[in-house]
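**Student:** One file: model11.txt (compact mmCIF, C-alpha atoms and all ligand atoms).
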# COMPACT_ATOMS: atom_id res chain seq x y z
CA MET A 2 -48.35 -73.61 -13.43
CA ALA A 3 -46.81 -70.18 -12.73
CA ALA A 4 -43.80 -69.16 -14.80
CA PRO A 5 -40.60 -70.32 -13.10
CA ALA A 6 -38.96 -67.55 -11.13
CA VAL A 7 -35.39 -68.56 -11.95
CA THR A 8 -34.23 -69.86 -15.32
CA GLY A 9 -31.56 -72.52 -15.69
CA THR A 10 -29.24 -69.97 -17.30
CA ALA A 11 -29.50 -67.63 -14.31
CA LEU A 12 -29.05 -70.51 -11.87
CA LEU A 13 -25.98 -71.75 -13.71
CA ARG A 14 -24.37 -68.30 -13.46
CA ARG A 15 -25.05 -68.17 -9.74
CA ALA A 16 -23.99 -71.79 -9.22
CA GLU A 17 -20.67 -71.34 -11.00
CA ARG A 18 -19.84 -68.40 -8.77
CA VAL A 19 -20.22 -70.32 -5.53
CA MET A 20 -19.59 -74.00 -6.40
CA PRO A 21 -16.73 -75.50 -8.46
CA GLY A 22 -18.19 -76.06 -11.90
CA GLY A 23 -21.57 -75.11 -10.50
CA VAL A 24 -22.10 -78.65 -9.21
CA SER A 25 -21.75 -80.91 -6.18
CA SER A 26 -20.36 -83.82 -8.24
CA PRO A 27 -18.26 -83.35 -11.40
CA VAL A 28 -20.09 -85.32 -14.12
CA ARG A 29 -23.25 -83.29 -13.46
CA ALA A 30 -21.54 -80.28 -15.07
CA TYR A 31 -22.01 -81.64 -18.62
CA ARG A 32 -18.40 -80.88 -19.56
CA ALA A 33 -18.20 -84.03 -21.68
CA VAL A 34 -21.37 -83.42 -23.66
CA GLY A 35 -21.57 -79.65 -23.79
CA GLY A 36 -24.77 -77.72 -23.43
CA GLN A 37 -26.31 -76.48 -20.24
CA PRO A 38 -27.11 -78.88 -17.43
CA PRO A 39 -30.74 -78.58 -16.36
CA PHE A 40 -31.52 -77.65 -12.75
CA ILE A 41 -34.08 -80.15 -11.51
CA VAL A 42 -36.92 -78.98 -9.30
CA SER A 43 -39.06 -82.11 -9.09
CA GLY A 44 -39.35 -85.74 -10.05
CA GLU A 45 -42.26 -88.10 -10.23
CA GLY A 46 -42.13 -91.70 -11.43
CA CYS A 47 -39.77 -91.89 -14.41
CA ARG A 48 -39.82 -88.17 -15.16
CA VAL A 49 -38.08 -85.07 -13.85
CA ARG A 50 -38.91 -81.40 -14.39
CA ASP A 51 -36.36 -78.59 -14.64
CA SER A 52 -36.44 -74.99 -13.41
CA ASP A 53 -37.72 -73.85 -16.81
CA GLY A 54 -40.71 -76.19 -16.59
CA ARG A 55 -39.42 -78.77 -19.11
CA ALA A 56 -40.18 -82.44 -18.33
CA TYR A 57 -37.82 -85.28 -19.28
CA VAL A 58 -37.91 -89.06 -19.23
CA ASP A 59 -35.15 -89.73 -16.72
CA LEU A 60 -32.59 -92.45 -17.43
CA VAL A 61 -30.15 -91.14 -14.83
CA CYS A 62 -32.33 -92.02 -11.83
CA SER A 63 -29.77 -90.36 -9.58
CA TRP A 64 -27.12 -92.77 -10.97
CA GLY A 65 -28.76 -95.86 -9.56
CA PRO A 66 -30.52 -95.41 -6.22
CA LEU A 67 -33.99 -94.76 -7.62
CA ILE A 68 -34.97 -98.30 -8.58
CA ALA A 69 -38.58 -97.42 -7.65
CA GLY A 70 -38.50 -94.12 -9.54
CA HIS A 71 -38.93 -90.61 -8.18
CA ALA A 72 -41.14 -89.92 -5.18
CA HIS A 73 -42.56 -93.44 -4.92
CA PRO A 74 -45.54 -93.07 -2.56
CA ALA A 75 -44.37 -95.85 -0.20
CA VAL A 76 -40.87 -94.39 0.04
CA VAL A 77 -42.13 -90.83 0.54
CA ALA A 78 -44.52 -92.03 3.25
CA ALA A 79 -41.72 -93.88 5.06
CA ILE A 80 -39.48 -90.81 5.01
CA ARG A 81 -42.29 -88.50 6.10
CA GLU A 82 -43.31 -90.74 8.95
CA GLN A 83 -39.76 -91.05 10.24
CA ALA A 84 -39.03 -87.32 9.80
CA GLY A 85 -41.95 -86.57 12.10
CA ARG A 86 -40.24 -88.65 14.79
CA GLY A 87 -36.86 -87.01 14.33
CA THR A 88 -34.16 -87.18 11.68
CA THR A 89 -31.12 -88.39 13.61
CA TYR A 90 -30.32 -89.41 17.17
CA GLY A 91 -26.68 -90.47 17.24
CA ALA A 92 -27.88 -93.69 18.84
CA ALA A 93 -28.90 -97.15 17.70
CA THR A 94 -32.34 -97.51 16.10
CA PRO A 95 -34.61 -100.46 15.32
CA LEU A 96 -34.55 -99.43 11.64
CA GLU A 97 -30.84 -100.22 11.29
CA VAL A 98 -31.35 -103.66 12.78
CA GLU A 99 -34.14 -104.32 10.34
CA LEU A 100 -32.20 -103.13 7.28
CA ALA A 101 -29.08 -105.07 8.35
CA GLU A 102 -31.20 -108.22 8.76
CA THR A 103 -32.81 -107.60 5.36
CA ILE A 104 -29.41 -107.30 3.68
CA ALA A 105 -27.96 -110.34 5.48
CA ALA A 106 -30.98 -112.42 4.49
CA ALA A 107 -30.69 -111.46 0.81
CA VAL A 108 -26.88 -111.60 0.59
CA PRO A 109 -25.63 -114.55 2.66
CA SER A 110 -21.93 -113.56 2.43
CA ALA A 111 -22.78 -110.39 4.38
CA GLU A 112 -23.30 -112.02 7.76
CA MET A 113 -22.75 -108.68 9.48
CA VAL A 114 -22.94 -105.19 8.01
CA ARG A 115 -21.82 -101.71 9.07
CA PHE A 116 -23.76 -98.73 7.72
CA VAL A 117 -22.00 -95.60 6.49
CA SER A 118 -23.24 -92.60 4.51
CA SER A 119 -21.87 -93.23 1.00
CA GLY A 120 -20.48 -95.88 -1.30
CA THR A 121 -17.14 -94.11 -1.06
CA GLU A 122 -17.02 -94.70 2.68
CA ALA A 123 -18.08 -98.31 2.23
CA ALA A 124 -15.25 -99.09 -0.21
CA MET A 125 -12.67 -97.08 1.76
CA SER A 126 -13.60 -98.91 4.95
CA ALA A 127 -13.60 -102.32 3.25
CA VAL A 128 -10.04 -101.66 2.08
CA ARG A 129 -8.97 -100.64 5.58
CA LEU A 130 -10.53 -103.78 6.98
CA ALA A 131 -8.88 -105.98 4.34
CA ARG A 132 -5.49 -104.45 5.16
CA ALA A 133 -6.04 -105.01 8.87
CA ALA A 134 -7.20 -108.58 8.37
CA THR A 135 -4.27 -109.57 6.13
CA GLY A 136 -1.52 -107.33 7.47
CA ARG A 137 -0.74 -106.39 3.86
CA ALA A 138 -0.84 -103.03 2.12
CA ALA A 139 -1.34 -103.65 -1.59
CA ILE A 140 -4.73 -103.80 -3.23
CA LEU A 141 -5.59 -104.70 -6.80
CA LYS A 142 -8.34 -102.99 -8.77
CA PHE A 143 -9.38 -102.82 -12.39
CA ALA A 144 -9.05 -99.96 -14.86
CA GLY A 145 -12.47 -98.44 -15.43
CA CYS A 146 -13.95 -99.67 -12.15
CA TYR A 147 -15.02 -96.95 -9.73
CA HIS A 148 -15.16 -97.50 -6.01
CA GLY A 149 -15.74 -93.97 -4.81
CA HIS A 150 -13.15 -91.28 -4.32
CA ALA A 151 -10.99 -92.54 -1.46
CA ASP A 152 -7.30 -91.97 -2.26
CA ALA A 153 -6.42 -95.66 -2.49
CA LEU A 154 -9.16 -96.34 -5.02
CA LEU A 155 -8.85 -93.42 -7.42
CA ALA A 156 -6.32 -94.94 -9.83
CA LYS A 157 -7.90 -95.44 -13.27
CA ALA A 158 -11.27 -95.01 -11.66
CA GLY A 159 -13.58 -95.05 -14.63
CA SER A 160 -16.27 -92.71 -15.86
CA GLY A 161 -15.92 -89.50 -13.86
CA VAL A 162 -12.14 -89.33 -14.02
CA ALA A 163 -11.87 -90.66 -17.59
CA THR A 164 -14.66 -88.42 -18.84
CA LEU A 165 -12.76 -85.36 -17.69
CA GLY A 166 -9.58 -86.75 -19.28
CA LEU A 167 -7.64 -86.55 -16.02
CA PRO A 168 -4.55 -88.78 -16.07
CA GLY A 169 -4.84 -89.45 -12.35
CA THR A 170 -5.96 -87.30 -9.51
CA ALA A 171 -4.08 -84.36 -8.06
CA GLY A 172 -3.83 -84.48 -4.30
CA VAL A 173 -3.33 -88.23 -4.04
CA THR A 174 0.14 -88.91 -2.65
CA GLU A 175 2.60 -91.24 -4.31
CA GLY A 176 2.48 -93.32 -1.14
CA ALA A 177 -1.25 -93.83 -1.45
CA ALA A 178 -1.03 -94.58 -5.17
CA ARG A 179 1.90 -96.99 -4.75
CA ASP A 180 -0.18 -99.53 -2.86
CA THR A 181 -2.79 -99.72 -5.61
CA ILE A 182 -2.18 -102.05 -8.54
CA THR A 183 -4.42 -101.55 -11.54
CA VAL A 184 -4.97 -104.18 -14.21
CA THR A 185 -7.33 -104.66 -17.14
CA TYR A 186 -10.88 -105.83 -16.40
CA ASN A 187 -11.56 -109.36 -17.66
CA ASP A 188 -7.81 -110.13 -17.82
CA LEU A 189 -7.36 -112.96 -15.35
CA GLY A 190 -3.78 -113.61 -16.50
CA ALA A 191 -2.78 -110.09 -15.44
CA VAL A 192 -4.35 -110.67 -12.03
CA GLU A 193 -2.47 -113.93 -11.57
CA ARG A 194 0.83 -112.28 -12.50
CA ALA A 195 0.22 -109.35 -10.13
CA ALA A 196 -0.76 -111.66 -7.27
CA ALA A 197 2.39 -113.73 -7.79
CA GLU A 198 4.58 -110.62 -7.59
CA THR A 199 2.93 -108.73 -4.73
CA PRO A 200 1.25 -109.95 -1.54
CA LEU A 201 -2.25 -108.54 -1.90
CA ALA A 202 -4.59 -107.49 0.89
CA ALA A 203 -7.54 -107.50 -1.46
CA ILE A 204 -8.86 -107.63 -4.98
CA VAL A 205 -11.62 -105.05 -5.33
CA VAL A 206 -13.99 -105.43 -8.27
CA GLU A 207 -17.36 -104.37 -9.61
CA PRO A 208 -18.71 -107.87 -10.41
CA TYR A 209 -20.72 -106.33 -13.24
CA ALA A 210 -18.83 -103.20 -14.20
CA GLY A 211 -20.99 -100.10 -14.45
CA ASN A 212 -18.53 -97.22 -14.39
CA MET A 213 -16.94 -97.69 -17.83
CA GLY A 214 -20.41 -98.14 -19.23
CA CYS A 215 -22.11 -101.49 -18.83
CA VAL A 216 -19.47 -104.25 -19.07
CA PRO A 217 -20.23 -107.83 -18.01
CA PRO A 218 -17.57 -110.17 -16.63
CA GLU A 219 -16.51 -112.91 -19.01
CA PRO A 220 -17.30 -116.49 -17.98
CA GLY A 221 -14.73 -117.62 -15.44
CA PHE A 222 -13.29 -114.18 -14.69
CA LEU A 223 -14.88 -113.67 -11.28
CA GLU A 224 -14.50 -117.36 -10.40
CA GLY A 225 -10.83 -116.90 -11.28
CA LEU A 226 -10.55 -113.92 -8.93
CA ARG A 227 -12.03 -116.06 -6.15
CA ALA A 228 -9.41 -118.75 -6.82
CA VAL A 229 -6.53 -116.25 -6.94
CA CYS A 230 -7.64 -114.76 -3.62
CA ASP A 231 -7.93 -118.18 -2.00
CA ARG A 232 -4.47 -119.15 -3.22
CA ALA A 233 -2.84 -115.85 -2.28
CA GLY A 234 -4.57 -115.30 1.05
CA ALA A 235 -6.11 -112.06 -0.22
CA LEU A 236 -9.69 -110.95 0.38
CA LEU A 237 -12.14 -110.71 -2.50
CA VAL A 238 -14.16 -107.49 -2.22
CA PHE A 239 -17.23 -107.15 -4.42
CA ASP A 240 -18.27 -103.56 -4.90
CA GLU A 241 -22.00 -104.01 -5.36
CA VAL A 242 -22.84 -100.35 -4.80
CA ILE A 243 -24.64 -100.35 -8.17
CA THR A 244 -25.54 -104.02 -8.53
CA GLY A 245 -26.66 -104.75 -4.96
CA PHE A 246 -30.45 -105.23 -4.97
CA ARG A 247 -30.51 -103.95 -8.58
CA VAL A 248 -29.64 -106.97 -10.69
CA ALA A 249 -31.28 -109.30 -8.15
CA ARG A 250 -32.07 -109.23 -4.44
CA GLY A 251 -28.90 -111.18 -3.86
CA GLY A 252 -26.91 -108.85 -6.13
CA ALA A 253 -24.42 -110.03 -8.72
CA GLN A 254 -23.00 -112.58 -6.27
CA GLY A 255 -26.44 -114.16 -5.92
CA LEU A 256 -26.89 -114.45 -9.68
CA LEU A 257 -23.39 -115.81 -10.18
CA GLY A 258 -23.31 -118.10 -7.16
CA LEU A 259 -20.10 -116.56 -5.81
CA ARG A 260 -19.10 -115.67 -2.28
CA PRO A 261 -16.85 -112.65 -1.80
CA ASP A 262 -15.22 -112.01 1.57
CA LEU A 263 -16.51 -108.45 1.76
CA THR A 264 -19.27 -106.62 -0.11
CA CYS A 265 -19.87 -102.89 -0.51
CA PHE A 266 -23.40 -101.56 -0.82
CA GLY A 267 -24.90 -98.13 -1.48
CA LYS A 268 -27.35 -96.55 -3.90
CA VAL A 269 -30.47 -98.81 -3.93
CA ILE A 270 -30.24 -99.75 -0.23
CA GLY A 271 -30.77 -96.09 0.71
CA GLY A 272 -33.85 -95.59 -1.44
CA GLY A 273 -32.54 -92.21 -2.64
CA LEU A 274 -31.04 -90.98 0.63
CA PRO A 275 -27.31 -90.87 1.39
CA VAL A 276 -26.19 -94.33 2.42
CA GLY A 277 -23.54 -96.99 2.13
CA ALA A 278 -22.73 -100.24 3.90
CA TYR A 279 -20.05 -102.89 3.95
CA GLY A 280 -20.50 -106.41 5.12
CA GLY A 281 -18.90 -109.82 5.23
CA ARG A 282 -18.09 -112.86 7.29
CA ARG A 283 -18.64 -112.55 11.01
CA GLU A 284 -14.99 -113.01 11.96
CA LEU A 285 -13.88 -110.32 9.50
CA MET A 286 -16.55 -107.83 10.53
CA SER A 287 -15.63 -108.51 14.16
CA LEU A 288 -12.37 -106.65 13.49
CA VAL A 289 -14.38 -103.42 13.17
CA ALA A 290 -14.61 -101.14 16.23
CA PRO A 291 -15.95 -101.52 18.89
CA LEU A 292 -15.43 -105.30 18.56
CA GLY A 293 -11.99 -104.98 17.02
CA PRO A 294 -9.10 -102.62 16.26
CA VAL A 295 -10.29 -101.20 12.88
CA TYR A 296 -11.70 -97.76 13.64
CA GLN A 297 -14.54 -96.49 11.51
CA ALA A 298 -17.37 -94.21 12.59
CA GLY A 299 -19.94 -91.69 11.35
CA THR A 300 -22.21 -89.01 12.84
CA LEU A 301 -25.03 -89.79 10.42
CA SER A 302 -24.22 -93.47 9.80
CA GLY A 303 -27.36 -95.60 9.78
CA ASN A 304 -29.39 -92.40 9.52
CA PRO A 305 -33.04 -93.17 10.32
CA LEU A 306 -34.41 -91.37 7.24
CA ALA A 307 -32.06 -93.33 4.98
CA MET A 308 -32.84 -96.60 6.75
CA ALA A 309 -36.59 -95.96 6.40
CA ALA A 310 -36.28 -95.08 2.71
CA GLY A 311 -34.08 -98.12 2.13
CA LEU A 312 -36.46 -100.50 3.87
CA ALA A 313 -39.44 -99.11 1.96
CA THR A 314 -37.56 -99.51 -1.32
CA LEU A 315 -36.31 -103.04 -0.63
CA ALA A 316 -39.87 -104.05 0.33
CA LEU A 317 -40.90 -103.34 -3.28
CA LEU A 318 -38.23 -105.61 -4.75
CA ASP A 319 -39.84 -109.03 -5.14
CA GLU A 320 -39.39 -111.55 -7.95
CA ALA A 321 -42.03 -109.79 -10.03
CA ALA A 322 -40.13 -106.50 -9.72
CA TYR A 323 -36.93 -108.02 -11.11
CA ARG A 324 -38.88 -109.72 -13.91
CA ARG A 325 -40.39 -106.33 -14.76
CA LEU A 326 -36.99 -104.60 -14.74
CA GLU A 327 -35.66 -107.29 -17.09
CA GLU A 328 -38.63 -106.82 -19.43
CA LEU A 329 -38.10 -103.07 -19.48
CA GLY A 330 -34.41 -103.56 -20.16
CA GLN A 331 -35.13 -105.95 -23.02
CA ARG A 332 -37.65 -103.56 -24.55
CA LEU A 333 -35.23 -100.64 -24.46
CA GLU A 334 -32.32 -102.74 -25.74
CA ARG A 335 -34.35 -104.06 -28.68
CA GLY A 336 -35.75 -100.65 -29.54
CA LEU A 337 -32.30 -99.07 -29.53
CA ALA A 338 -30.74 -101.93 -31.49
CA ASP A 339 -33.46 -101.60 -34.16
CA ALA A 340 -32.95 -97.84 -34.34
CA LEU A 341 -29.18 -98.28 -34.73
CA ARG A 342 -29.67 -100.81 -37.51
CA GLU A 343 -32.18 -98.62 -39.36
CA CYS A 344 -29.94 -95.58 -39.11
CA GLY A 345 -26.78 -97.51 -39.98
CA VAL A 346 -24.87 -96.05 -37.03
CA PRO A 347 -21.84 -98.07 -35.87
CA ALA A 348 -22.74 -98.60 -32.24
CA ARG A 349 -23.76 -101.34 -29.86
CA VAL A 350 -25.96 -101.78 -26.82
CA GLN A 351 -24.63 -103.66 -23.78
CA ARG A 352 -27.08 -104.50 -21.01
CA ILE A 353 -27.36 -106.30 -17.70
CA GLY A 354 -30.97 -106.25 -16.49
CA SER A 355 -31.96 -102.64 -15.90
CA LEU A 356 -28.44 -101.29 -16.62
CA LEU A 357 -27.61 -100.42 -20.19
CA THR A 358 -25.07 -98.51 -22.27
CA LEU A 359 -25.22 -97.47 -25.90
CA PHE A 360 -21.56 -97.46 -26.94
CA PHE A 361 -20.68 -95.60 -30.13
CA THR A 362 -18.26 -98.33 -31.13
CA GLU A 363 -18.72 -101.64 -32.90
CA ARG A 364 -16.12 -103.37 -30.79
CA ALA A 365 -17.45 -105.63 -28.03
CA VAL A 366 -16.64 -103.69 -24.86
CA ARG A 367 -14.82 -106.01 -22.44
CA ASN A 368 -12.69 -103.43 -20.64
CA GLU A 369 -11.87 -99.74 -20.37
CA ASP A 370 -9.63 -99.69 -23.45
CA ASP A 371 -12.53 -101.03 -25.52
CA ALA A 372 -14.89 -98.48 -23.97
CA LEU A 373 -12.48 -95.69 -24.89
CA THR A 374 -12.68 -96.65 -28.58
CA SER A 375 -16.21 -95.20 -28.50
CA ASP A 376 -16.77 -92.04 -30.52
CA ARG A 377 -17.32 -89.67 -27.65
CA GLU A 378 -17.96 -86.66 -29.90
CA ARG A 379 -20.82 -88.58 -31.42
CA PHE A 380 -22.09 -89.52 -27.97
CA ALA A 381 -22.00 -85.84 -26.97
CA ALA A 382 -24.05 -84.86 -30.04
CA PHE A 383 -26.44 -87.71 -29.31
CA HIS A 384 -26.80 -86.62 -25.68
CA ARG A 385 -27.64 -83.04 -26.71
CA ALA A 386 -30.14 -84.28 -29.30
CA MET A 387 -31.79 -86.55 -26.72
CA LEU A 388 -31.99 -83.75 -24.17
CA ALA A 389 -33.66 -81.52 -26.77
CA ARG A 390 -36.16 -84.37 -27.24
CA ARG A 391 -36.74 -84.44 -23.50
CA VAL A 392 -34.80 -87.56 -22.58
CA MET A 393 -32.23 -87.17 -19.84
CA LEU A 394 -29.26 -89.54 -20.24
CA PRO A 395 -26.17 -89.69 -18.04
CA PRO A 396 -23.90 -87.03 -19.55
CA SER A 397 -21.01 -89.39 -20.34
CA GLN A 398 -20.39 -92.22 -22.76
CA LEU A 399 -18.83 -94.21 -19.93
CA GLU A 400 -21.93 -94.58 -17.77
CA CYS A 401 -24.91 -96.89 -17.48
CA TRP A 402 -28.43 -95.74 -18.16
CA PHE A 403 -30.64 -96.72 -15.24
CA LEU A 404 -34.18 -98.04 -15.51
CA SER A 405 -36.69 -98.10 -12.67
CA LEU A 406 -39.97 -99.79 -11.86
CA ALA A 407 -41.60 -96.44 -12.65
CA HIS A 408 -40.59 -96.63 -16.32
CA ASP A 409 -43.33 -97.99 -18.53
CA ASP A 410 -43.61 -99.13 -22.12
CA ALA A 411 -44.88 -95.71 -23.24
CA ALA A 412 -41.90 -93.90 -21.70
CA LEU A 413 -39.45 -96.36 -23.29
CA ASP A 414 -41.14 -95.94 -26.66
CA GLU A 415 -40.62 -92.19 -26.28
CA VAL A 416 -36.94 -92.85 -25.56
CA VAL A 417 -36.58 -95.09 -28.62
CA ASP A 418 -38.39 -92.60 -30.88
CA ALA A 419 -36.16 -89.83 -29.57
CA ALA A 420 -33.09 -92.02 -30.15
CA ARG A 421 -34.12 -92.80 -33.74
CA SER A 422 -34.63 -89.16 -34.61
CA SER A 423 -31.46 -88.15 -32.74
CA LEU A 424 -29.39 -90.76 -34.59
CA GLU A 425 -30.74 -89.35 -37.87
CA VAL A 426 -29.62 -85.79 -37.13
CA ILE A 427 -26.27 -86.22 -35.41
CA PRO A 428 -23.08 -86.05 -37.49
C1 LIG B 1 -21.45 -94.84 -7.00
C2 LIG B 1 -20.43 -95.85 -6.72
C3 LIG B 1 -19.59 -95.78 -5.60
C4 LIG B 1 -19.52 -94.56 -4.73
O1 LIG B 1 -20.72 -94.31 -4.04
P1 LIG B 1 -21.00 -92.84 -3.50
O2 LIG B 1 -22.23 -92.99 -2.68
O3 LIG B 1 -21.16 -91.97 -4.71
O4 LIG B 1 -19.82 -92.43 -2.69
C5 LIG B 1 -18.76 -96.84 -5.32
N1 LIG B 1 -18.75 -97.93 -6.10
C6 LIG B 1 -19.52 -98.03 -7.19
C7 LIG B 1 -19.48 -99.28 -8.01
C8 LIG B 1 -20.37 -97.00 -7.56
O5 LIG B 1 -21.08 -97.07 -8.68
Using the file provided, produce a representation of the structure as structure tokens.
Ligand SMILES: *Cc1c(COP(=O)(O)O)cnc(C)c1O
**Tutor:**
Amino acid sequence: MAAPAVTGTALLRRAERVMPGGVSSPVRAYRAVGGQPPFIVSGEGCRVRDSDGRAYVDLVCSWGPLIAGHAHPAVVAAIREQAGRGTTYGAATPLEVELAETIAAAVPSAEMVRFVSSGTEAAMSAVRLARAATGRAAILKFAGCYHGHADALLAKAGSGVATLGLPGTAGVTEGAARDTITVTYNDLGAVERAAAETPLAAIVVEPYAGNMGCVPPEPGFLEGLRAVCDRAGALLVFDEVITGFRVARGGAQGLLGLRPDLTCFGKVIGGGLPVGAYGGRRELMSLVAPLGPVYQAGTLSGNPLAMAAGLATLALLDEAAYRRLEELGQRLERGLADALRECGVPARVQRIGSLLTLFFTERAVRNEDDALTSDRERFAAFHRAMLARRVMLPPSQLECWFLSLAHDDAALDEVVDAARSSLEVIP
């Protein structure tokens, strides 16, 4: 291979001149872990290569969409084929119908869906719909849960905001913030008290939290939210942007046997292209324009390339695929747990299927406060040591590592070996 024309250092200098922080999304800037973020030029399977020609085992996987790994041949072929027929029409396509039917079949609560271009739009639109349906303003969310960057949902919004140590977000008006109530994840009592005090339009929740690191719901918590919503006349909104089609075809709600009123999708359903969707019961979704009064639109919504990539990705996700993802998750969890024990480092691994976080704390992480007891300096040192050993981890303690079907035992053994030697050298 020819020597790369542009080094990461030169790119970073140029990037920082023309883009805030040199990035298109804040956590990519490596502020929390230090060191220089690599500029990626290619990806294949479970590996990415940077502009200096270094290859890494990738555990970011674009923060979730790449459940089939980079450049999966079936996904690439679907995109290529569609691109040859045009990239966008601003008109209905058969692909959208097919993807909507695929989602509705896998997730029965989503009788109808509307496609948008990001998870942010999906959550923002679900909130608008919930407010319209209930005639109420207030929504309740959980500290450490992220639902995209719409004003109403940015209070205590987990990883990105917490990693940068921002108390809230400048530019969000008091009016917008006032209608958002934030309580502790896994604290059903706090939800019941809030719902008794304020008429809620919706409770919005990541059923398995992934944006304060990997945090499972305690038994009864989500069932309790369902009951509170039913009692209070509020809508239960599951944000399954990460978990949809990742933890199971039916998402977290399928595994748990729960039925939210509205569900947000993103990430996996776009197969690595920009996408989002929200869906729910027919009578609720019928409030969305043009059937109803809730306006919501998008030039590139239901984009044919994204629909094609999503369909090709979802076609790969059969029972065997989820079994394989679970096996990979188990292998990585065990390897890391052994390494931690051998090195005597106070840390713990929390995992749900192919989502996993190594928290540098011994406390069981049930909510954001627990997650924030992690030793983030130590995580930063660990991240740098792993990067030097050619393993790319999300550059924040408060994120999930993502596995894909393209990871194999050999790659995970490399990760565990790198982790063992990193744990030995970090302070
Ligand atoms: C990533 C994410 C979003 C936002 O999706 P974007 O496509 O980045 O706008 C919303 N909710 C959850 C749970 C997410 O993880």
**Student:** At a cut-off of 7 Å around ligand LIG 1 (chain B), and using all atoms listed in the file, what residues come up? Please write them as a VMD selection string.
**Tutor:** chain A and resid 119 to 122 124 146 to 150 207 211 to 212 240 to 243 267 to 268 275 to 277
**Student:** Determine, counting all atoms listed in the file, which protein, DNA and RNA residues have an atom within 6 Å of an atom of segment 308-325 of chain A; residues of the same chain fewer than 3 positions away are not included. Present the result as number ranges by chain.
**Tutor:** A: 76, 79-80, 96, 270-272, 305, 328
**Student:** Measuring between only C-alpha atoms, which one of A:Ala196, A:Leu337, A:Ala105, A:Leu288 shows the shortest distance to Val229 of chain A?
**Tutor:**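 Checking each candidate against Val229 of chain A, we get A:Ala196 as the closest.
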**Student:** Just how far from atom CA of Asp231 of chain A is atom CA of Pro261 of chain A, in Å to one decimal?
**Tutor:**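 These atoms are spaced 10.5 Å apart.
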**Student:** Hey, which of A:Ala134, A:Leu237, A:Leu257, A:Ala56 ends up closest to Pro220 of chain A? Count all atoms listed in the file.
**Tutor:**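 For Pro220 of chain A, the nearest of the candidates is A:Leu257.
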**Student:** Which of these residues is nearest to Thr181 of chain A, using only C-alpha atoms: A:Ile68, A:Cys215, A:Ile140, A:Ala253?
**Tutor:**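 Looking only at the distances to Thr181 of chain A, the closest residue turns out to be A:Ile140.
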**Student:** Could you list, as a PyMOL selection string, every residue within 12 Å of Tyr209 of chain A, counting all atoms listed in the file and ignoring same-chain residues fewer than 4 positions away?
**Tutor:** chain A and resi 143+145-147+186-187+213-220+222-223+239-245+247-248+252-254+256-257+351-354+356-357+367-368+401
**Student:** Please determine, counting all atoms listed in the file, which residue among A:Asp409, A:Glu369, A:Asp414, A:Glu224 has the shortest atom-to-atom distance to Gly336 of chain A.
**Tutor:**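 Selected residue with least distance to Gly336 of chain A: A:Asp414.
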**Student:** Could you check which of A:Val49, A:Leu100, A:Leu394, A:Ala278 is closest to Val117 of chain A, using all atoms listed in the file?
**Tutor:**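 For Val117 of chain A, the nearest of the candidates is A:Ala278.
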**Student:** Which protein, DNA or RNA residues are at most 9 Å from (-1.7, -107.3, 5.2) in the file's coordinates when you count all atoms listed in the file, listed as a PyMOL selection string?
**Tutor:** chain A and resi 131-139+200-203+235
**Student:** What does the distance between atom CA of Gly70 of chain A and atom CA of His408 of chain A come to in Å, to one decimal place?
**Tutor:**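 Interatomic distance here is 7.5 Å.
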**Student:** In Å, rounded to a single decimal, give me how far atom CA of Val295 of chain A is from atom CA of Ser110 of chain A.
**Tutor:**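 Taking atom CA of Ser110 of chain A as the start and atom CA of Val295 of chain A as the end point, the length is 19.9 Å.
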**Student:** Please provide as a list in words all residues within 12 Å of Thr10 of chain A, with the sequence filter that same-chain residues fewer than 2 positions apart are discarded (counting only C-alpha atoms).
**Tutor:**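 Listed by chain and then number, they are Ala6, Val7, Thr8, Leu12, Leu13, Arg14, Arg15, Ala16, Glu17, Gly23, Gly36, Gln37, Pro38, Pro39, Phe40, Asp51, Ser52 and Asp53 of chain A.
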**Student:** Create the file for the chosen residues now, containing C-alpha atoms and written as a short mmCIF file (atom, residue, chain, number, x, y, z; two decimals), in the coordinates of the input.
**Tutor:**
data_model
loop_
_atom_site.label_atom_id
_atom_site.label_comp_id
_atom_site.auth_asym_id
_atom_site.auth_seq_id
_atom_site.Cartn_x
_atom_site.Cartn_y
_atom_site.Cartn_z
CA ALA A 6 -38.96 -67.55 -11.13
CA VAL A 7 -35.39 -68.56 -11.95
CA THR A 8 -34.23 -69.86 -15.32
CA LEU A 12 -29.05 -70.51 -11.87
CA LEU A 13 -25.98 -71.75 -13.71
CA ARG A 14 -24.37 -68.30 -13.46
CA ARG A 15 -25.05 -68.17 -9.74
CA ALA A 16 -23.99 -71.79 -9.22
CA GLU A 17 -20.67 -71.34 -11.00
CA GLY A 23 -21.57 -75.11 -10.50
CA GLY A 36 -24.77 -77.72 -23.43
CA GLN A 37 -26.31 -76.48 -20.24
CA PRO A 38 -27.11 -78.88 -17.43
CA PRO A 39 -30.74 -78.58 -16.36
CA PHE A 40 -31.52 -77.65 -12.75
CA ASP A 51 -36.36 -78.59 -14.64
CA SER A 52 -36.44 -74.99 -13.41
CA ASP A 53 -37.72 -73.85 -16.81
#
**Student:** Go through A:Ala420, A:Pro396, A:Glu198, A:Thr174 and flag the residue nearest Glu334 of chain A, using all atoms listed in the file for the distances.
**Tutor:**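 Among A:Ala420, A:Pro396, A:Glu198, A:Thr174, it is A:Ala420 that comes nearest to Glu334 of chain A.
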**Student:** Skip Ala178 of chain A itself and residues of its chain fewer than 6 positions away, then list as number ranges by chain all residues within 9 Å of it, counting all atoms listed in the file.
**Tutor:** A: 152-156
